[in-house]
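First up is the structure itself, then whatever we jot down about it.
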Amino acid sequence: MLRTEDNEYITRVGPGTPMGALLRQYWVPAMLSSELPRPDCPPVRVLLLGEKLIGFRDSGGRIGLLANLCPHRGASLFFGRNEGCGLRCVYHGWKFDVDGRCTDMPSEPPDSNFKDKVRARAYPCVERGGLVWAYLGPREALPPLPDLEATQLPDGEYTAIAYQRNCNWLQGMEGDIDTAHIGFLHFGSDQADDYLPGTFKYYALKDRAPRYAVLDTPYGAMYGAYRPAGPGQYYWRIAQFLFPFWTMPPTGLLGGHMVGRAWVPMDDEHMMMFMVVPAVNAEQRARLGSQGPKLPELLPNTTGWLGRFRLAACEDNDYLMDRDAQEQDEEYSGITGIHLQDQAITESMGPIFDRSQEHLGSSDAMVIRVRRLLLKAARALAADGTVPPGVDSPEAYRQRSGGVILDADADWVSATRSLREAYVSHPELDPAVVGGFV
Amino acid sequence: MLRTEDNEYITRVGPGTPMGALLRQYWVPAMLSSELPRPDCPPVRVLLLGEKLIGFRDSGGRIGLLANLCPHRGASLFFGRNEGCGLRCVYHGWKFDVDGRCTDMPSEPPDSNFKDKVRARAYPCVERGGLVWAYLGPREALPPLPDLEATQLPDGEYTAIAYQRNCNWLQGMEGDIDTAHIGFLHFGSDQADDYLPGTFKYYALKDRAPRYAVLDTPYGAMYGAYRPAGPGQYYWRIAQFLFPFWTMPPTGLLGGHMVGRAWVPMDDEHMMMFMVVPAVNAEQRARLGSQGPKLPELLPNTTGWLGRFRLAACEDNDYLMDRDAQEQDEEYSGITGIHLQDQAITESMGPIFDRSQEHLGSSDAMVIRVRRLLLKAARALAADGTVPPGVDSPEAYRQRSGGVILDADADWVSATRSLREAYVSHPELDPAVVGGFV
Amino acid sequence: MLRTEDNEYITRVGPGTPMGALLRQYWVPAMLSSELPRPDCPPVRVLLLGEKLIGFRDSGGRIGLLANLCPHRGASLFFGRNEGCGLRCVYHGWKFDVDGRCTDMPSEPPDSNFKDKVRARAYPCVERGGLVWAYLGPREALPPLPDLEATQLPDGEYTAIAYQRNCNWLQGMEGDIDTAHIGFLHFGSDQADDYLPGTFKYYALKDRAPRYAVLDTPYGAMYGAYRPAGPGQYYWRIAQFLFPFWTMPPTGLLGGHMVGRAWVPMDDEHMMMFMVVPAVNAEQRARLGSQGPKLPELLPNTTGWLGRFRLAACEDNDYLMDRDAQEQDEEYSGITGIHLQDQAITESMGPIFDRSQEHLGSSDAMVIRVRRLLLKAARALAADGTVPPGVDSPEAYRQRSGGVILDADADWVSATRSLREAYVSHPELDPAVVGGFV
């Protein structure tokens, strides 16, 4: 549990909050690149860390992210004209470039130099891995992007998706470093005996209450959840948390899979999950068959502040829960699909869950650890400007997660490191579709 | 009128409020039994006294009422699996019985005793008269249920209904102890001469401004509204208020009719009216014909917190008011049906009416009296734990209401008592359909 | 810009606020007369200066504007019976006349004099120019109506319309004294060369950054925006602000056109724009042809507090913006019609724009001036009851606006006065359709 004041501290991320200051030290995924498909395309309303922003791609293809309201008299730049390397407010024609400079002010006399004194709030943006990354922080010299491998793949070799979730970002993120729920929320209706002995899933379902090892890392924390496998062996599920909101869930074989998930606050009660993974090619898809993940249905995007990447199944329709399927134990939760199950559960905790009401068990070790790290980093930043983990260490983000069978006396941490290195050296090993276990 | 602070005091009933503490001394109708039709049926979201609760019927048929959020990490138990004498959270499989005990905690190692240390907030429930009654109070040894006669009839001999109303509970309840509005809101377009001299309705419409007698009782208060009837006679309408929110409107002949209405706060701005009355059999229904009460149309229930027993006619559609019918004096209010008229008027006062703006007349004597009793009881409970009226006196609730013609010098109070006794002794007298006057 | 506290001061107008007190010194347009089409017609919910009121026309044709809630027990008078020179509450039959007197109290005994002690809050109303004017102020002896010429035309010779806008009143009003946006928001896609040299529009589009002269007046302020016209000449656009919320936009020829627009707060986040102009007759309409103004489509009125005169194009549908039309420069904003463009821009600033974030240029001189006048008048009233400008000077409102070509050394102020006088003396000059420039 967290004391109520710590819960407030860790969940609130708007301008002026300590946790908001922490997140603003990092590059933050703001949009999918595909939301701005071409130069001078229509601007997009972007709600990010409690700030209303307008994203646009200028005539030169650069991304701008400006404060919603024109610095002149406050009209929304959403209605602006995206033209000639800038976004022009339609109220009085003032035009701003991606850096926030006012490059034209036609309502003032030609001899006025007022436009040199006016700037729109603008956040630097870059694109990589299908994401638009924004820096909302204080540095003049921008920090490097993190070396998240999935986001460093060549064009065409990755897939980037986004889902909106209607709750505080921490609820979403905590759900993704919580391996304990897999055997219940996602596979509670599956039985070990339905799977081949020796597979991850067989062991995972055989023992749904694994032990946990949790470890601080230079970039965040990692956990290993282990349970008996063959004689003298353990099945380990090993996963990463990377500052400030990245997770690498342990899909497939340890070290073989690249993935990055960012749990990005839109405001304190809404978040956007961005995920980048290697693209699945046709051959892989054929091999996966019906084992592939069931992606939730999205509503068409609207132009509203909360109109992007909304799930069709939602609180209002009880996530299309099927009580019969639940009662007959066809589907433990009655809700279909892993992502939707997570969405339902974390949203059901309310917009901002009050963690002072919790009762944490041994399976919550990773959640506890990550909260402490976040609080500690935010407090250190607030106290004396301590640069939080990872900001200046892009290479620290070269991590992978996954499952592995290890001898009882093996070191799970070095196994994690060396298996990643093995797969980096031998990319011809295609683990993307091996595991078949989320 | 009430001072603003008294109005706040008497209307707010959430956890920690003095009036909320008063209500929590009593058994409170929470649901209709029919909302949980069978063992292990789907759970129901129940909003009660400002608390979000999940109602369920376990495998043994017992009713549970648990706090919405799982004590572990706060997932909603609404999505829970109702199975094996307990409700199991689908996040990590923790299972709770109707008493809130954690009976299974499969995400922790088998040797853990953590489950013995965790309890879900659970409120005891019983069923009687078609209602699920919950006790949200502090006593270990539960108080008795009140002897409300309508709720003590054998199965099949009563009818229990519920209507949600979008306003504070006190507005609803006050409307039901206010006999003065009958001749206006409900029968303002009726004329005495349309009725046979000698009937209740004839007298009621002949004189719409009766005098009032109001009396404290051991269980609350009763009023008699009287106006001239035949020579040397008065027509009395006598009705009951019973702590903390029960009313017995004066339908039909005094003493002959059993009814109980509870005005139960869902939260401070929504309430549920529960009513239990003897069932009307086919013969009675035939006799009543079109004189029977017009029940309001309900929308289908949803699973939402405010989704139960909503009226189709509501504020958004002006309660389907017919201005022409009003203007041509076919229907005084233009709104059809007694219950809907009451719903419209009490909701029109706003979510929580500010009683400091009132101007009370002599017809408001009962309303004034009941407010004083409620405030006094809440203050005494807050001051020194004084047990409020009726909590330990179930027999005090054996009361009836109704209309009667009495000689000018008759004692209305003893008439009320003795007429009830007469009907209790002679149930073959069927007064249920005699009065024809609400 | 305004300091945050001044922004609060000038935008909040509910009961008890200083700016609310200022507005309550004046007659305020509350409804169109046509909303109450006949004696004893259905009452109308009117939200005005943050007060919920019920407007009705009594049997004698007089307008009443009563507080929503009955002074007895708080039922809404909206459901009241409009009959026999009064509005009768349907709860207990109490009846109130347009002056708020209780003229019948049938729920009390005939010998009661309680009704003489009860009054409904009632605001005096008069009708003129198609508007229902209400006085919500403190004076016993009512001030005179302002001599706004458009509102003094005979029946049949004026047109009165109303549009609701979902933002603070000041945003709406400021947009109407801001001539600088015309060449962008409204005509940004028009080119000077598309018009005949010598026309207002030609000059206006040739130079979109005019110079400004701004002047305090006994009734408010006036501005002249001037730019080069023919040799030694300027094209002047001259317009009026009149206390407390009236504007006269410079449509057509200076002096020739009568118009009055009131920017009336419904509450702090919604306003109603009322406009009265001379009626356009068939011959004029034929001459105007497609040059006539495009009026926005209205949704059918509902009976809700915010149900009157809503625009079909609104924030939720991005005002039916056409991005293609914007991109191809067919329509600068992509939004169709001058009123709708203003609606979109001023609503896009948010419910109450925070003026501490502004950067005002030379083109904002009139906006700055009017804010100062409003703040000064509100502070003087609050300090010592100083009667604000115009309250007792109805004749001060005899003003007109418009465009004119003046010699470089001409006095724009006396031109404004004398041209109005010329048109008043020679009404046969029909300038209503001459200008063709908003």
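By convention here, the chains of the structure tokens are called A, B, ... in the order presented, each chain's residues are numbered starting at 1, and ligands are numbered starting at 1 in the order presented.
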As a short mmCIF file (atom, residue, chain, number, x, y, z; two decimals) with all heavy atoms, in the first residue's frame, please: the residues near range 152-169 of chain A (cut-off 6 Å, only C-alpha atoms, same-chain neighbours under 3 positions excluded).
data_model
loop_
_atom_site.label_atom_id
_atom_site.label_comp_id
_atom_site.auth_asym_id
_atom_site.auth_seq_id
_atom_site.Cartn_x
_atom_site.Cartn_y
_atom_site.Cartn_z
N GLY A 129 10.77 4.54 -34.78
CA GLY A 129 10.01 3.34 -34.46
C GLY A 129 8.51 3.52 -34.58
O GLY A 129 7.74 2.89 -33.85
N GLY A 130 8.08 4.42 -35.47
CA GLY A 130 6.65 4.60 -35.65
C GLY A 130 6.02 5.53 -34.63
O GLY A 130 4.82 5.76 -34.66
N GLU A 149 15.37 -1.32 -28.34
CA GLU A 149 15.68 -1.97 -29.61
C GLU A 149 14.50 -2.03 -30.57
O GLU A 149 14.67 -1.84 -31.78
CB GLU A 149 16.22 -3.38 -29.34
CG GLU A 149 17.55 -3.35 -28.62
CD GLU A 149 17.96 -4.73 -28.15
OE1 GLU A 149 17.27 -5.27 -27.25
OE2 GLU A 149 18.95 -5.26 -28.66
N GLY A 172 -2.23 1.27 -15.24
CA GLY A 172 -1.91 0.52 -16.44
C GLY A 172 -0.53 -0.11 -16.35
O GLY A 172 -0.35 -1.31 -16.59
N TRP A 263 3.65 3.52 -21.01
CA TRP A 263 2.37 3.80 -20.36
C TRP A 263 2.33 5.30 -20.09
O TRP A 263 2.73 5.76 -19.04
CB TRP A 263 2.25 2.95 -19.08
CG TRP A 263 2.39 1.50 -19.42
CD1 TRP A 263 3.53 0.78 -19.55
CD2 TRP A 263 1.32 0.61 -19.75
NE1 TRP A 263 3.26 -0.51 -19.92
CE2 TRP A 263 1.90 -0.65 -20.05
CE3 TRP A 263 -0.07 0.74 -19.83
CZ2 TRP A 263 1.13 -1.77 -20.42
CZ3 TRP A 263 -0.83 -0.37 -20.18
CH2 TRP A 263 -0.22 -1.60 -20.48
N PRO A 265 0.88 8.99 -19.59
CA PRO A 265 -0.30 9.74 -19.12
C PRO A 265 -0.77 10.74 -20.16
O PRO A 265 0.03 11.52 -20.69
CB PRO A 265 0.22 10.48 -17.88
CG PRO A 265 1.51 9.83 -17.51
CD PRO A 265 2.07 9.27 -18.79
N ASP A 268 -4.37 12.90 -15.69
CA ASP A 268 -4.27 12.02 -14.53
C ASP A 268 -5.26 10.86 -14.60
O ASP A 268 -5.11 9.87 -13.88
CB ASP A 268 -4.49 12.81 -13.24
CG ASP A 268 -3.34 13.75 -12.96
OD1 ASP A 268 -2.28 13.62 -13.62
OD2 ASP A 268 -3.48 14.63 -12.10
N GLU A 269 -6.27 10.96 -15.45
CA GLU A 269 -7.30 9.93 -15.49
C GLU A 269 -7.40 9.21 -16.84
O GLU A 269 -8.33 8.45 -17.07
CB GLU A 269 -8.66 10.54 -15.10
CG GLU A 269 -8.59 11.22 -13.72
CD GLU A 269 -9.93 11.58 -13.15
OE1 GLU A 269 -10.94 11.50 -13.86
OE2 GLU A 269 -9.97 11.96 -11.95
N HIS A 270 -6.48 9.49 -17.72
CA HIS A 270 -6.46 8.82 -19.02
C HIS A 270 -5.01 8.59 -19.44
O HIS A 270 -4.16 9.44 -19.18
CB HIS A 270 -7.15 9.67 -20.10
CG HIS A 270 -8.57 10.01 -19.78
ND1 HIS A 270 -8.91 11.07 -18.97
CD2 HIS A 270 -9.73 9.40 -20.13
CE1 HIS A 270 -10.24 11.10 -18.86
NE2 HIS A 270 -10.75 10.11 -19.53
N MET A 271 -4.77 7.49 -20.10
CA MET A 271 -3.42 7.21 -20.56
C MET A 271 -3.46 6.61 -21.97
O MET A 271 -4.50 6.15 -22.44
CB MET A 271 -2.71 6.27 -19.61
CG MET A 271 -3.47 5.01 -19.26
SD MET A 271 -2.36 3.66 -18.88
CE MET A 271 -1.66 3.42 -20.51
N MET A 272 -2.29 6.64 -22.61
CA MET A 272 -2.15 5.98 -23.90
C MET A 272 -1.03 4.96 -23.76
O MET A 272 0.05 5.30 -23.31
CB MET A 272 -1.79 7.02 -24.97
CG MET A 272 -1.88 6.50 -26.39
SD MET A 272 -3.59 6.29 -26.96
CE MET A 272 -3.99 7.97 -27.46
N MET A 273 -1.36 3.72 -24.12
CA MET A 273 -0.32 2.71 -24.16
C MET A 273 0.21 2.65 -25.57
O MET A 273 -0.54 2.46 -26.52
CB MET A 273 -0.88 1.34 -23.74
CG MET A 273 0.19 0.28 -23.52
SD MET A 273 0.69 -0.57 -25.04
CE MET A 273 -0.59 -1.82 -25.15
N PHE A 274 1.51 2.87 -25.71
CA PHE A 274 2.16 2.71 -27.01
C PHE A 274 2.98 1.43 -26.96
O PHE A 274 3.67 1.17 -25.96
CB PHE A 274 3.10 3.89 -27.29
CG PHE A 274 2.40 5.20 -27.52
CD1 PHE A 274 2.22 6.11 -26.48
CD2 PHE A 274 1.92 5.53 -28.78
CE1 PHE A 274 1.58 7.32 -26.69
CE2 PHE A 274 1.28 6.74 -29.01
CZ PHE A 274 1.10 7.64 -27.95
N MET A 275 2.90 0.66 -28.00
CA MET A 275 3.69 -0.57 -28.05
C MET A 275 4.38 -0.67 -29.40
O MET A 275 3.77 -0.45 -30.44
CB MET A 275 2.81 -1.80 -27.84
CG MET A 275 3.60 -3.11 -27.99
SD MET A 275 2.75 -4.56 -27.30
CE MET A 275 1.42 -4.77 -28.47
N VAL A 276 5.68 -0.99 -29.36
CA VAL A 276 6.42 -1.24 -30.61
C VAL A 276 7.00 -2.64 -30.52
O VAL A 276 7.63 -3.00 -29.51
CB VAL A 276 7.54 -0.20 -30.82
CG1 VAL A 276 8.19 -0.41 -32.19
CG2 VAL A 276 7.00 1.21 -30.69
N VAL A 277 6.77 -3.42 -31.55
CA VAL A 277 7.29 -4.79 -31.64
C VAL A 277 7.76 -5.03 -33.07
O VAL A 277 7.35 -4.33 -33.99
CB VAL A 277 6.20 -5.84 -31.28
CG1 VAL A 277 5.89 -5.82 -29.80
CG2 VAL A 277 4.95 -5.61 -32.11
N PRO A 278 8.64 -6.03 -33.25
CA PRO A 278 9.01 -6.38 -34.62
C PRO A 278 7.77 -6.80 -35.41
O PRO A 278 6.86 -7.43 -34.85
CB PRO A 278 9.95 -7.57 -34.43
CG PRO A 278 10.47 -7.45 -33.04
CD PRO A 278 9.35 -6.85 -32.25
N ALA A 279 7.75 -6.42 -36.65
CA ALA A 279 6.62 -6.80 -37.49
C ALA A 279 6.59 -8.31 -37.66
O ALA A 279 7.64 -8.97 -37.69
CB ALA A 279 6.74 -6.13 -38.86
N PHE A 309 -7.73 6.24 -30.53
CA PHE A 309 -7.41 4.86 -30.17
C PHE A 309 -8.24 4.36 -28.98
O PHE A 309 -7.71 3.81 -28.03
CB PHE A 309 -5.90 4.75 -29.89
CG PHE A 309 -5.06 5.25 -31.01
CD1 PHE A 309 -4.32 6.42 -30.90
CD2 PHE A 309 -5.05 4.58 -32.23
CE1 PHE A 309 -3.57 6.90 -31.95
CE2 PHE A 309 -4.29 5.05 -33.29
CZ PHE A 309 -3.54 6.23 -33.15
N ARG A 310 -9.53 4.62 -29.10
CA ARG A 310 -10.45 4.15 -28.06
C ARG A 310 -10.90 2.73 -28.35
O ARG A 310 -11.19 2.38 -29.51
CB ARG A 310 -11.69 5.06 -28.00
CG ARG A 310 -11.37 6.49 -27.61
CD ARG A 310 -12.53 7.39 -27.99
NE ARG A 310 -12.77 7.28 -29.44
CZ ARG A 310 -13.94 7.43 -30.01
NH1 ARG A 310 -15.01 7.71 -29.28
NH2 ARG A 310 -14.06 7.32 -31.32
N GLU A 347 -9.11 -0.36 -15.45
CA GLU A 347 -10.12 0.70 -15.41
C GLU A 347 -11.11 0.48 -14.28
O GLU A 347 -11.64 1.43 -13.71
CB GLU A 347 -10.87 0.79 -16.76
CG GLU A 347 -10.01 1.33 -17.89
CD GLU A 347 -10.79 1.59 -19.18
OE1 GLU A 347 -11.99 1.26 -19.24
OE2 GLU A 347 -10.18 2.11 -20.12
N PRO A 351 -10.79 5.88 -11.69
CA PRO A 351 -9.89 6.76 -12.44
C PRO A 351 -8.50 6.85 -11.80
O PRO A 351 -7.50 6.78 -12.50
CB PRO A 351 -10.60 8.12 -12.39
CG PRO A 351 -12.02 7.82 -12.07
CD PRO A 351 -12.03 6.56 -11.28
N ILE A 352 -8.44 7.00 -10.49
CA ILE A 352 -7.16 7.00 -9.78
C ILE A 352 -7.35 6.15 -8.54
O ILE A 352 -8.01 6.56 -7.58
CB ILE A 352 -6.73 8.43 -9.36
CG1 ILE A 352 -6.65 9.35 -10.58
CG2 ILE A 352 -5.37 8.38 -8.65
CD1 ILE A 352 -6.20 10.76 -10.25
#
Can you list every residue of chain C that has an atom at most 6 Å from chain B, with its nearest atom pair and the distance in Å to one decimal, using only C-alpha atoms, ordered by chain then number, as JSON lines?
{"residue": "C:Pro71", "atom": "CA", "partner": "B:Glu358", "partner_atom": "CA", "distance": 5.5}
{"residue": "C:His72", "atom": "CA", "partner": "B:His359", "partner_atom": "CA", "distance": 4.6}
{"residue": "C:Arg73", "atom": "CA", "partner": "B:Glu358", "partner_atom": "CA", "distance": 5.3}
{"residue": "C:Gly74", "atom": "CA", "partner": "B:Met349", "partner_atom": "CA", "distance": 5.3}
{"residue": "C:Ala75", "atom": "CA", "partner": "B:Met349", "partner_atom": "CA", "distance": 4.9}
{"residue": "C:Ser76", "atom": "CA", "partner": "B:Ser348", "partner_atom": "CA", "distance": 5.2}
{"residue": "C:Val90", "atom": "CA", "partner": "B:Leu185", "partner_atom": "CA", "distance": 5.2}
{"residue": "C:Tyr91", "atom": "CA", "partner": "B:Leu185", "partner_atom": "CA", "distance": 5.0}
{"residue": "C:His92", "atom": "CA", "partner": "B:His181", "partner_atom": "CA", "distance": 4.9}
{"residue": "C:Gly93", "atom": "CA", "partner": "B:Phe184", "partner_atom": "CA", "distance": 5.8}
{"residue": "C:Ser107", "atom": "CA", "partner": "B:Ala209", "partner_atom": "CA", "distance": 4.6}
{"residue": "C:Glu108", "atom": "CA", "partner": "B:Ala209", "partner_atom": "CA", "distance": 5.1}
{"residue": "C:Pro109", "atom": "CA", "partner": "B:Ala209", "partner_atom": "CA", "distance": 5.2}
Residues from the last selection, all heavy atoms, saved as a tab-separated table (two decimals), in the first residue's frame:
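Once written, selection03.tsv looks like this:
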chain	number	residue	atom	x	y	z
C	71	PRO	N	-41.36	29.34	-3.78
C	71	PRO	CA	-40.90	29.72	-2.44
C	71	PRO	C	-41.47	28.84	-1.33
C	71	PRO	O	-40.95	28.87	-0.21
C	71	PRO	CB	-41.37	31.17	-2.29
C	71	PRO	CG	-42.43	31.36	-3.30
C	71	PRO	CD	-42.13	30.42	-4.42
C	72	HIS	N	-42.47	28.05	-1.61
C	72	HIS	CA	-43.04	27.17	-0.61
C	72	HIS	C	-42.06	26.04	-0.28
C	72	HIS	O	-41.29	26.15	0.66
C	72	HIS	CB	-44.39	26.61	-1.10
C	72	HIS	CG	-45.04	25.64	-0.16
C	72	HIS	ND1	-45.92	24.68	-0.59
C	72	HIS	CD2	-44.93	25.47	1.18
C	72	HIS	CE1	-46.32	23.97	0.45
C	72	HIS	NE2	-45.74	24.42	1.53
C	73	ARG	N	-42.02	25.01	-1.11
C	73	ARG	CA	-41.16	23.86	-0.81
C	73	ARG	C	-40.21	23.55	-1.95
C	73	ARG	O	-39.56	22.51	-1.96
C	73	ARG	CB	-42.01	22.63	-0.47
C	73	ARG	CG	-42.76	22.71	0.86
C	73	ARG	CD	-42.09	21.84	1.94
C	73	ARG	NE	-42.05	20.46	1.54
C	73	ARG	CZ	-43.10	19.61	1.55
C	73	ARG	NH1	-44.27	20.03	2.01
C	73	ARG	NH2	-42.96	18.40	1.14
C	74	GLY	N	-40.09	24.48	-2.91
C	74	GLY	CA	-39.01	24.38	-3.88
C	74	GLY	C	-39.29	23.60	-5.14
C	74	GLY	O	-38.37	23.29	-5.90
C	75	ALA	N	-40.55	23.27	-5.41
C	75	ALA	CA	-40.84	22.63	-6.70
C	75	ALA	C	-40.60	23.62	-7.83
C	75	ALA	O	-40.79	24.82	-7.66
C	75	ALA	CB	-42.28	22.14	-6.72
C	76	SER	N	-40.22	23.12	-8.98
C	76	SER	CA	-39.96	24.01	-10.11
C	76	SER	C	-41.27	24.57	-10.66
C	76	SER	O	-42.22	23.82	-10.92
C	76	SER	CB	-39.24	23.27	-11.22
C	76	SER	OG	-39.17	24.10	-12.37
C	90	VAL	N	-47.73	23.38	-9.36
C	90	VAL	CA	-48.59	22.20	-9.36
C	90	VAL	C	-48.41	21.33	-8.12
C	90	VAL	O	-49.14	20.34	-7.95
C	90	VAL	CB	-48.40	21.33	-10.63
C	90	VAL	CG1	-48.88	22.09	-11.86
C	90	VAL	CG2	-46.98	20.84	-10.77
C	91	TYR	N	-47.45	21.68	-7.25
C	91	TYR	CA	-47.26	20.84	-6.06
C	91	TYR	C	-48.42	21.07	-5.07
C	91	TYR	O	-49.11	20.12	-4.70
C	91	TYR	CB	-45.91	21.16	-5.42
C	91	TYR	CG	-45.32	20.06	-4.54
C	91	TYR	CD1	-45.96	18.85	-4.34
C	91	TYR	CD2	-44.08	20.26	-3.92
C	91	TYR	CE1	-45.39	17.85	-3.54
C	91	TYR	CE2	-43.51	19.27	-3.11
C	91	TYR	CZ	-44.18	18.07	-2.93
C	91	TYR	OH	-43.62	17.09	-2.13
C	92	HIS	N	-48.64	22.32	-4.67
C	92	HIS	CA	-49.70	22.62	-3.70
C	92	HIS	C	-50.62	23.73	-4.16
C	92	HIS	O	-51.39	24.27	-3.38
C	92	HIS	CB	-49.09	23.02	-2.36
C	92	HIS	CG	-48.24	21.95	-1.74
C	92	HIS	ND1	-46.88	21.89	-1.96
C	92	HIS	CD2	-48.55	20.91	-0.93
C	92	HIS	CE1	-46.37	20.85	-1.28
C	92	HIS	NE2	-47.35	20.23	-0.67
C	93	GLY	N	-50.50	24.10	-5.45
C	93	GLY	CA	-51.47	25.04	-6.00
C	93	GLY	C	-51.21	26.51	-5.71
C	93	GLY	O	-52.07	27.34	-6.02
C	107	SER	N	-53.85	25.54	-0.44
C	107	SER	CA	-53.54	24.46	0.50
C	107	SER	C	-53.62	24.91	1.94
C	107	SER	O	-53.55	24.10	2.86
C	107	SER	CB	-52.13	23.91	0.21
C	107	SER	OG	-51.15	24.90	0.45
C	108	GLU	N	-53.77	26.22	2.15
C	108	GLU	CA	-53.91	26.74	3.51
C	108	GLU	C	-55.40	27.05	3.77
C	108	GLU	O	-56.16	27.32	2.83
C	108	GLU	CB	-53.07	28.00	3.70
C	108	GLU	CG	-51.56	27.72	3.70
C	108	GLU	CD	-51.10	26.94	4.93
C	108	GLU	OE1	-51.46	27.33	6.05
C	108	GLU	OE2	-50.40	25.91	4.75
C	109	PRO	N	-55.79	27.02	5.04
C	109	PRO	CA	-57.19	27.32	5.35
C	109	PRO	C	-57.59	28.69	4.85
C	109	PRO	O	-56.75	29.59	4.76
C	109	PRO	CB	-57.22	27.27	6.89
C	109	PRO	CG	-56.04	26.44	7.28
C	109	PRO	CD	-55.01	26.67	6.23
request  = Based on DSSP run over this structure's backbone, return all residues of range 92-174 of chain B in helix (DSSP H, G or I), as a VMD selection string.
outcome  = chain B and resid 114 to 117 149 to 152 169 to 174
note = CA of Ala213 in chain A to CA of Gln240 in chain A measures 12.2 Å
message = Taking only range 55-193 of chain A into account, list the residues labelled strand (DSSP E) by DSSP (computed from the backbone), as an MDAnalysis selection string.
response = chainID A and resid 55:57 63:67 81:82 87:88 95:96 102:104 125:128 131:135 158:165
Quick one: write out the picked residues with C-alpha atoms as a CSV table (one decimal), in the first residue's frame?
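Everything below was put into selection.csv:
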chain,number,residue,atom,x,y,z
A,55,GLY,CA,0.4,18.1,-33.2
A,56,PHE,CA,1.1,18.9,-36.8
A,57,ARG,CA,3.5,17.9,-39.6
A,63,ILE,CA,6.6,17.5,-36.4
A,64,GLY,CA,5.4,20.3,-34.3
A,65,LEU,CA,3.7,20.1,-31.0
A,66,LEU,CA,2.3,23.5,-29.9
A,67,ALA,CA,0.2,24.6,-27.0
A,81,ARG,CA,-4.0,26.4,-41.4
A,82,ASN,CA,-1.0,24.0,-41.8
A,87,LEU,CA,0.6,26.5,-38.4
A,88,ARG,CA,-1.4,29.7,-38.8
A,95,LYS,CA,1.8,31.8,-37.9
A,96,PHE,CA,4.1,29.6,-35.8
A,102,CYS,CA,6.1,33.5,-34.8
A,103,THR,CA,7.0,33.7,-38.4
A,104,ASP,CA,4.2,35.9,-39.6
A,125,CYS,CA,9.7,16.2,-31.5
A,126,VAL,CA,11.5,13.4,-33.2
A,127,GLU,CA,10.2,10.3,-34.9
A,128,ARG,CA,11.6,6.8,-34.5
A,131,LEU,CA,6.3,6.9,-32.7
A,132,VAL,CA,6.4,10.7,-32.4
A,133,TRP,CA,8.6,11.4,-29.3
A,134,ALA,CA,8.3,14.7,-27.6
A,135,TYR,CA,10.5,16.3,-25.0
A,158,TYR,CA,8.3,-3.0,-36.7
A,159,THR,CA,4.7,-2.5,-35.8
A,160,ALA,CA,3.6,0.4,-33.5
A,161,ILE,CA,0.2,0.5,-32.0
A,162,ALA,CA,-1.6,2.6,-29.4
A,163,TYR,CA,-4.5,2.1,-27.1
A,164,GLN,CA,-6.2,4.6,-24.9
A,165,ARG,CA,-7.1,3.6,-21.4
key: Long-range neighbours of Leu145 in chain C as a PyMOL selection string, 10 Å cut-off, only C-alpha atoms, 3 positions minimum in chain   = chain C and resi 26-28+126+128+133+135+142+148+151+390-395+397
task = Just give me the gap between CA of Pro138 in chain A and CA of Gln25 in chain A in Å, one decimal is fine.
result =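 So the answer is 7.5 Å.
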query = Do you know which residues are at most 8 Å from range 370-384 of chain C counting only C-alpha atoms, after dropping those on the same chain fewer than 3 positions away, and could you put them as a count of residues only?
reply = 16
